[in-house]
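Peer 1: Have a look at this one.
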Amino acid sequence: MSTATLSPRTRHRKPRKKYGADYIAPSPYTLRAALANGDIWTKLSIVVFGLGNLVHKQIVKGLLLLAGEIGFICFMIFSGAKNLSKLPGLGDQVQGQVQDADGFWHYTAGDNSVVILLYGVATIVFCIVFVLWWYMSIRSAYKAQCEAQANNGRANSFVDDIHELANQRAWVTLMFLPVLGILVFTVLPLIFMISMAFTDYDHNHLVLFDWTGFDAFKQVFSNSGSTVSARLFLSVLGWTLVWAVFATFLNFFLGMFLAMIINRKTTHGKGFWRAIFSMSIAVPQFVSLLVMSQMLQQQGAINRLLQSWGWIDSPLPFLTDATWARVTVIIVNLWIGIPYTIMQITGILQNIPAELYEAAKIDGANWWQTFIKITMPYIFFVLTPYLITTFTGNVNNFNVIYLLTQGAPTPVGDSAGKTDLLITWLYKLTVDKNDYNLGAVIGIMTFIVLAVVSLVTYRSTGSYKNEEGFQ
Amino acid sequence: MSSQVQSASAATADVESHGFMHDQRKRRIAGDIVAHVFLAILAIIWIIPIVWVFLESFNKNPAPYQNTFFPTEYTFDNFVKLFTERNVLDFPRMFLNTLIIAIFVCLISLFFVLSVAYCMSRLRFRGRKGFMNVVLILGMFPGIMSVVAIYFILKAIDLTSDGFTILALILVYSAGSGVNFYVMKGFMDTIPKSLDEAAMLDGCTRLQVFTKIILPVCRPMIVYQTITGFLTPWLDFVMAKVICRTQTNYTASLGLYQMLQKEYIQSWFARFAAGAVIISIPIAILFIVTQRFYQESMAGSVKG
């Protein structure tokens with residue numbers, strides 16, 4: 001129908017031959033090949049890293065590999081082994097007090113389970129890195145051997161390696177620091193936090209705690225627990241899903257509606273309206289949310305205004321009554337979210353090929369039919385991935401809830417309020433109440449919910465894409 | 001100018017529908033009026049909070065509650081006091097902290113995002129697909145979950161003591177930024193590969209292709225990424241709240257949040273509004289300047 005939209009697809013498919021465009025031939029220098037065909041030096045490299053490289057005059061590389069091994073062994077001797085040995089018990093030495101002859105109190109250092117857990121997890125990560133290092137060193141030794149055989153005893157020099165790092169293997173150079181950052185500040189905290197879910201690290205066990213298996217999960221899913229219970233979890237989960245669905249789809253449909261009104265042929269000052277609605281994007285979100293929460297208080301500006309107009313006698317409980325608060329956060333979220341939707345949909349509306357509308361007009365379609373048959377499918381086709389990411393974003397929407405209501409109103413004795421999402425509940429449990437194990441369990445459950453939702457929707461969009469009837 | 005074009009097109013539409021012009025015209029005028037009134041009402045709803053906080057920042061009454069919707073007496077004192085009265089909440093110090101953090105974060109995260117995006121878009125190596133999948137899965141874990149864990153890690157390497165929180169925050173905001181490569185990768189995917197191939201025929205290494213070809217072409221996205229990185233410390237307050245334990249290390253957003261707590265709000269609300277305006281103005285200007293890039297990037301992310 002529209003060649004303009006079809007052509008990039010066909011162009012994209014062309015280079016795909018037998019293996020697809022992304023196919024990379026496996027390296028010939030595998031671990032198995034090294035063990036099978038390696039000479040004595042390569043095989044010795046299993047124990048002494050870099051030996052194979054040193055023999056083939058790759059001095060710098062060999063020394064680096066060897067230094068890595070020695071460094072790791074030293075680390076294991078001086079602290080790694082101790083860290084690992086304490087990990088199963090998580091320490092049980094209570095801080096002691098001893099009074100010496102002069103009457104001074106001396107403190108003997110006790111164990112701190114968090115530190116032990118963190119060091120233990122970090123040591124395990126180091127061990128994994130060491131295994132990779134070992135793998136790399138054997139492959140590198142074997143590679144040096146093969147190169148030497150092919151080049152009359154001369155393997156690639158260090159300078160050659162540097163050149164390779166700037167060219168064929170540039171990704172190693174470029175990705176090293178970013179991946180290191182991700183490992184230390186994203187992956188390590190996640191492993192650390194997930195492992196907390198299997199301990200009894202709560203407000204009663206702040207210094208010393210133990211592995212307790214799935215007890216924390218049981219606590220969340222039983223009805224006897226004090227701070228958390230299955231009832232509370234289900235109600236928070238239910239509200240989280242309701243919130244995410246409403247926040248995502250109301251934003252989407254109302255934003256689309258507004259964008260279409262602005263885009264009407266006869267609407268004057270299109271740029272002006274768009275500018276007005278995008279002003280709320282320009283204000284930092286936490287500022288506008290804090291301002292909104294002030295305006296919506298019992299004594300806040302909105303209630304004052306309504307009272308001075310005589311519309312209401314007593315202040316409206318915007319953020320204090322459960323139902324009011326839930327509706328309020330959804331509406332405030334509309335205030336924040338709709339401008340984004342308008343920006344997106346305006347661009348898409350302008351991209352819809354005009355001939356589609358002309359053809360529909362000739363066929364006698366009215367406004368509603370064109371909307372249902374052309375505009376909606378087109379927008380959905382482009383925006384489905386965006387809708388999924390918005391949905392996940394809304395499940396994890398910490399700012400709107402925490403800055404507006406802090407989860408209030410909270411029933412007496414409950415750890416989660418009526419507007420708390422899983423994510424704000426997690427924050428309260430860990431930061432305010434120090435129930436780290438429960439927080440970790442909630443985090444894992446959030447992940448599972450998100451993974452299931454994304455999987456299901458991605459699968460259905462896959463089938464949606466296969467139809468491609470519209471394009 | 002655009003309205004002229006529209007009226008011209010409306011005129012042609014009139015000619016086309018000559019047969020029942022009368023009826024349609026009435027309907028269209030009615031529709032126009034409804035649409036414009038509707039837009040006007042919504043526009044008022046949308047800008048009232050912004051106008052309110054702007055006027056509130058000039059309010060002579062520092063407390064949050066008063067009898068009228070808008071302030072009755074105006075003064076410039078709030079801005080002056082915000083920067084001169086430094087003994088209770090030291091806003092200038094917080095502002096400076098945030099500025100330092102923001103500059104470093106925007107440089108480091110720009111470098112990280114660009115290099116990862118270039119590798120993902122242009123280089124083909126084993127584990128590339130795997131890396132992208134791992135990043136997708138990591139993104140599904142709620143970010144708040146690792147906040148406490150990050151605090152413990154920083155504590156273990158002694159970065160939470162007084163002088164080091166700035167360094168700690170720089171690390172926290174920038175270290176993991178490599179995962180935000182998707183938008184940039186989407187943009188790089190649209191740059192024709194023939195450019196790279198020509199450069200490599202001329203003897204460029206992959207690294208040189210990156211610095212000499214891709215970076216200059218990506219300039220608009222670099223501006224966008226720089227600004228996103230620069231804004232992170234100004235907008236985040238969860239991470240800062242956990243890591244900064246003493247007030248001298250607070251960032252601006254944390255300070256503003258603090259001003260609304262029970263013990264401060266009665267005398268600090270007007271100054272909160274002033275601080276909010278001061279932070280919002282540069283961000284708003286940046287936003288207007290970069291709106292174009294923003295839209296481009298959104299389009300890129302949608303294409304995947």
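The way I read the labels, and the way they are meant: chains A, B, ... in the order of the structure tokens, residue 1 as the first residue of every chain, and ligand 1 as the first ligand shown, with later ones counted on from there.
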If you take only C-alpha atoms and a cut-off of 12 Å, which residues of segment 173-250 of chain A touch segment 81-92 of chain A, and what are their nearest atom pairs and distances in Å to one decimal, in chain and number order, as a tab-separated table?

Peer 2:
residue	atom	partner	partner_atom	distance
A:Ser195	CA	A:Leu87	CA	11.3
A:Met196	CA	A:Leu90	CA	11.4
A:Phe198	CA	A:Pro88	CA	11.9
A:Thr199	CA	A:Leu90	CA	9.6
A:Asp200	CA	A:Leu90	CA	11.0
A:Tyr201	CA	A:Leu90	CA	10.9
A:His205	CA	A:Asp92	CA	11.5
A:Val207	CA	A:Asp92	CA	9.5
A:Leu208	CA	A:Asp92	CA	6.5
A:Phe209	CA	A:Leu90	CA	6.8
A:Asp210	CA	A:Leu90	CA	5.9
A:Trp211	CA	A:Gly89	CA	7.4
A:Thr212	CA	A:Gly89	CA	10.6
A:Gly213	CA	A:Pro88	CA	11.8

Peer 1: With 6 Å as the limit and counting only C-alpha atoms, what residues in chain A lie close to chain B? Please list them as a short mmCIF file (atom, residue, chain, number, x, y, z; two decimals) with N, CA and C atoms, in the first residue's frame.

Peer 2:
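Everything below was put into iface_15.cif:
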data_model
loop_
_atom_site.label_atom_id
_atom_site.label_comp_id
_atom_site.auth_asym_id
_atom_site.auth_seq_id
_atom_site.Cartn_x
_atom_site.Cartn_y
_atom_site.Cartn_z
N ALA A 166 42.45 -1.69 19.07
CA ALA A 166 41.89 -0.48 18.48
C ALA A 166 41.04 -0.80 17.26
N ASN A 167 41.16 -2.00 16.75
CA ASN A 167 40.44 -2.30 15.51
C ASN A 167 39.44 -3.45 15.65
N TRP A 171 35.67 -3.42 20.67
CA TRP A 171 34.60 -3.53 21.66
C TRP A 171 35.13 -3.82 23.06
N LEU A 174 36.26 -0.45 24.40
CA LEU A 174 35.18 0.49 24.66
C LEU A 174 34.25 0.01 25.77
N MET A 175 34.04 -1.30 25.84
CA MET A 175 33.03 -1.79 26.77
C MET A 175 33.59 -2.04 28.17
N PRO A 178 32.42 0.69 31.01
CA PRO A 178 30.97 0.64 31.24
C PRO A 178 30.51 -0.67 31.85
N GLY A 181 31.40 -0.84 35.45
CA GLY A 181 30.46 -0.02 36.23
C GLY A 181 29.15 -0.74 36.45
N ILE A 182 28.63 -1.36 35.39
CA ILE A 182 27.36 -2.08 35.52
C ILE A 182 27.50 -3.23 36.51
N PHE A 185 27.92 -1.61 40.20
CA PHE A 185 26.86 -0.79 40.76
C PHE A 185 25.46 -1.22 40.33
N PRO A 189 24.94 -5.16 43.52
CA PRO A 189 23.87 -4.84 44.48
C PRO A 189 22.66 -5.74 44.33
N LEU A 190 22.34 -6.12 43.10
CA LEU A 190 21.16 -6.98 42.91
C LEU A 190 21.39 -8.35 43.54
N MET A 193 21.27 -8.02 47.24
CA MET A 193 19.92 -7.78 47.76
C MET A 193 19.07 -9.05 47.65
N ALA A 282 8.59 20.47 31.23
CA ALA A 282 9.79 21.26 31.47
C ALA A 282 10.05 21.46 32.96
N VAL A 283 9.01 21.39 33.78
CA VAL A 283 9.22 21.53 35.23
C VAL A 283 9.65 20.17 35.78
N ALA A 301 -4.36 24.91 48.67
CA ALA A 301 -4.90 25.97 47.82
C ALA A 301 -6.20 25.55 47.13
N LEU A 305 -9.76 27.41 47.45
CA LEU A 305 -10.42 28.01 46.28
C LEU A 305 -11.86 27.55 46.19
N GLY A 443 10.84 -7.08 46.31
CA GLY A 443 11.55 -6.74 45.07
C GLY A 443 11.54 -7.90 44.09
N PHE A 447 9.81 -8.12 40.38
CA PHE A 447 10.50 -8.56 39.18
C PHE A 447 9.70 -9.64 38.46
#

Peer 1: Just the alpha helix (DSSP H) stuff from segment 161-218 of chain A, please, per backbone DSSP, written as a ChimeraX atom specification.

Peer 2: /A:161-166,170-182,188-196,215-218

Peer 1: Might you pull out every residue within 10 Å of segment 214-230 of chain A, with only C-alpha atoms counted and same-chain residues fewer than 4 positions away left off, and present them as number ranges by chain?

Peer 2: A: 196-202, 234-236, 413-416, 429, 433, 435-442, 444-445

Peer 1: Just write the chosen residues, C-alpha atoms, as a short mmCIF file (atom, residue, chain, number, x, y, z; two decimals), in the first residue's frame.

Peer 2:
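part28.cif was written with the following content:
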data_model
loop_
_atom_site.label_atom_id
_atom_site.label_comp_id
_atom_site.auth_asym_id
_atom_site.auth_seq_id
_atom_site.Cartn_x
_atom_site.Cartn_y
_atom_site.Cartn_z
CA MET A 196 19.13 -10.95 51.64
CA ALA A 197 15.72 -12.40 50.84
CA PHE A 198 16.94 -15.75 52.18
CA THR A 199 18.10 -14.41 55.55
CA ASP A 200 16.36 -13.07 58.64
CA TYR A 201 17.90 -9.59 58.24
CA ASP A 202 15.10 -7.50 59.77
CA LEU A 234 -2.34 -9.13 47.62
CA SER A 235 -4.02 -5.79 48.26
CA VAL A 236 -0.83 -3.89 47.38
CA GLY A 413 -0.89 -1.31 62.26
CA ASP A 414 -0.28 -1.94 58.55
CA SER A 415 3.12 -1.42 56.99
CA ALA A 416 1.62 -0.45 53.62
CA LEU A 429 10.26 -1.71 54.47
CA LYS A 433 11.62 -0.12 58.89
CA ASP A 435 13.16 -5.14 57.30
CA TYR A 436 15.62 -5.82 54.52
CA ASN A 437 14.68 -9.44 53.96
CA LEU A 438 11.00 -8.59 53.44
CA GLY A 439 11.95 -5.73 51.13
CA ALA A 440 14.08 -8.08 49.08
CA VAL A 441 11.20 -10.57 48.80
CA ILE A 442 8.89 -7.78 47.58
CA ILE A 444 11.83 -10.28 43.71
CA MET A 445 8.04 -10.53 43.47
#

Peer 1: So that I can check the surroundings of Leu132 of chain A, please list as a list in words every protein, DNA and RNA residue that reaches within 12 Å of it, counting only C-alpha atoms and ignoring chain neighbours fewer than 6 positions away.

Peer 2: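 The contact residues come out as Leu31, Leu65, Gly68, Glu69, Val125, Phe126, Ile138, Arg139 and Ser140 of chain A.
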
Peer 1: Those same residues - C-alpha atoms - I'd like them written as a compact mmCIF listing (two decimals), in the first residue's frame.

Peer 2:
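Ended up saving to part_26.txt:
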# COMPACT_ATOMS: atom_id res chain seq x y z
CA LEU A 31 39.16 -24.51 25.53
CA LEU A 65 48.02 -13.00 33.01
CA GLY A 68 46.29 -11.65 37.67
CA GLU A 69 46.71 -15.17 38.97
CA VAL A 125 32.05 -12.68 42.01
CA PHE A 126 35.87 -12.50 42.12
CA ILE A 138 44.47 -21.07 28.31
CA ARG A 139 42.91 -19.84 25.10
CA SER A 140 45.51 -17.12 24.83

Peer 1: Compile the contact shell of Ile170 of chain B as a ChimeraX atom specification: residues with an atom at most 10 Å away, counting only C-alpha atoms, same-chain residues fewer than 4 positions apart removed.

Peer 2: /B:98,100-106,108-109,164-166,174-175,233

Peer 1: Give me the residues near Gly50 of chain A as number ranges by chain, where near means some atom within 12 Å (using only C-alpha atoms) and where sequence neighbours in that chain fewer than 6 positions away do not count.

Peer 2: A: 41-44, 56-70, 133-145

Peer 1: Between atom CA of Val88 of chain B and atom CA of Gln261 of chain B, what is the spacing in Å?

Peer 2: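 Pair atom CA of Gln261 of chain B / atom CA of Val88 of chain B returns 13.3 Å.
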
Peer 1: Quick one: pick out all strand (DSSP E or B) residues within segment 22-218 of chain A from a backbone DSSP run and write them as a PyMOL selection string.

Peer 2: chain A and resi 96-99+105-108+199+211

Peer 1: With a distance cut-off of 7 Å and only C-alpha atoms, select the neighbouring residues of Asn59 of chain B, excluding the residue or stretch itself and same-chain residues fewer than 4 positions from it, and output the selection as a ChimeraX atom specification.

Peer 2: /B:55,71,73-75,270

Peer 1: Please produce a file of those selected residues containing N, CA and C atoms, as a short mmCIF file (atom, residue, chain, number, x, y, z; two decimals), in the first residue's frame.

Peer 2:
data_model
loop_
_atom_site.label_atom_id
_atom_site.label_comp_id
_atom_site.auth_asym_id
_atom_site.auth_seq_id
_atom_site.Cartn_x
_atom_site.Cartn_y
_atom_site.Cartn_z
N LEU B 55 4.10 32.31 41.49
CA LEU B 55 3.65 33.44 42.31
C LEU B 55 3.96 33.20 43.78
N PRO B 71 -1.16 34.46 46.35
CA PRO B 71 -0.67 35.35 47.42
C PRO B 71 -1.24 36.76 47.26
N GLU B 73 0.38 39.62 48.98
CA GLU B 73 1.48 40.58 48.97
C GLU B 73 2.71 39.91 48.37
N TYR B 74 3.44 40.67 47.57
CA TYR B 74 4.58 40.08 46.87
C TYR B 74 5.88 40.72 47.32
N THR B 75 6.95 39.92 47.34
CA THR B 75 8.26 40.43 47.71
C THR B 75 9.33 39.56 47.05
N ALA B 270 7.70 29.39 51.20
CA ALA B 270 7.91 30.35 50.12
C ALA B 270 9.30 30.18 49.53
#

Peer 1: Taking into account only C-alpha atoms, which residue in the set B:Ala63, B:Ile213, B:Val34, B:Leu89 is nearest to Ala252 of chain B?

Peer 2: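 Going through B:Ala63, B:Ile213, B:Val34, B:Leu89 one by one, the smallest distance to Ala252 of chain B is for B:Leu89.
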
Peer 1: So the first atom is atom CA of Tyr182 of chain B and the second is atom CA of Ile243 of chain B; what is the distance between them in Å, to one decimal place?

Peer 2: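 Separation of atom CA of Tyr182 of chain B and atom CA of Ile243 of chain B: 28.1 Å.
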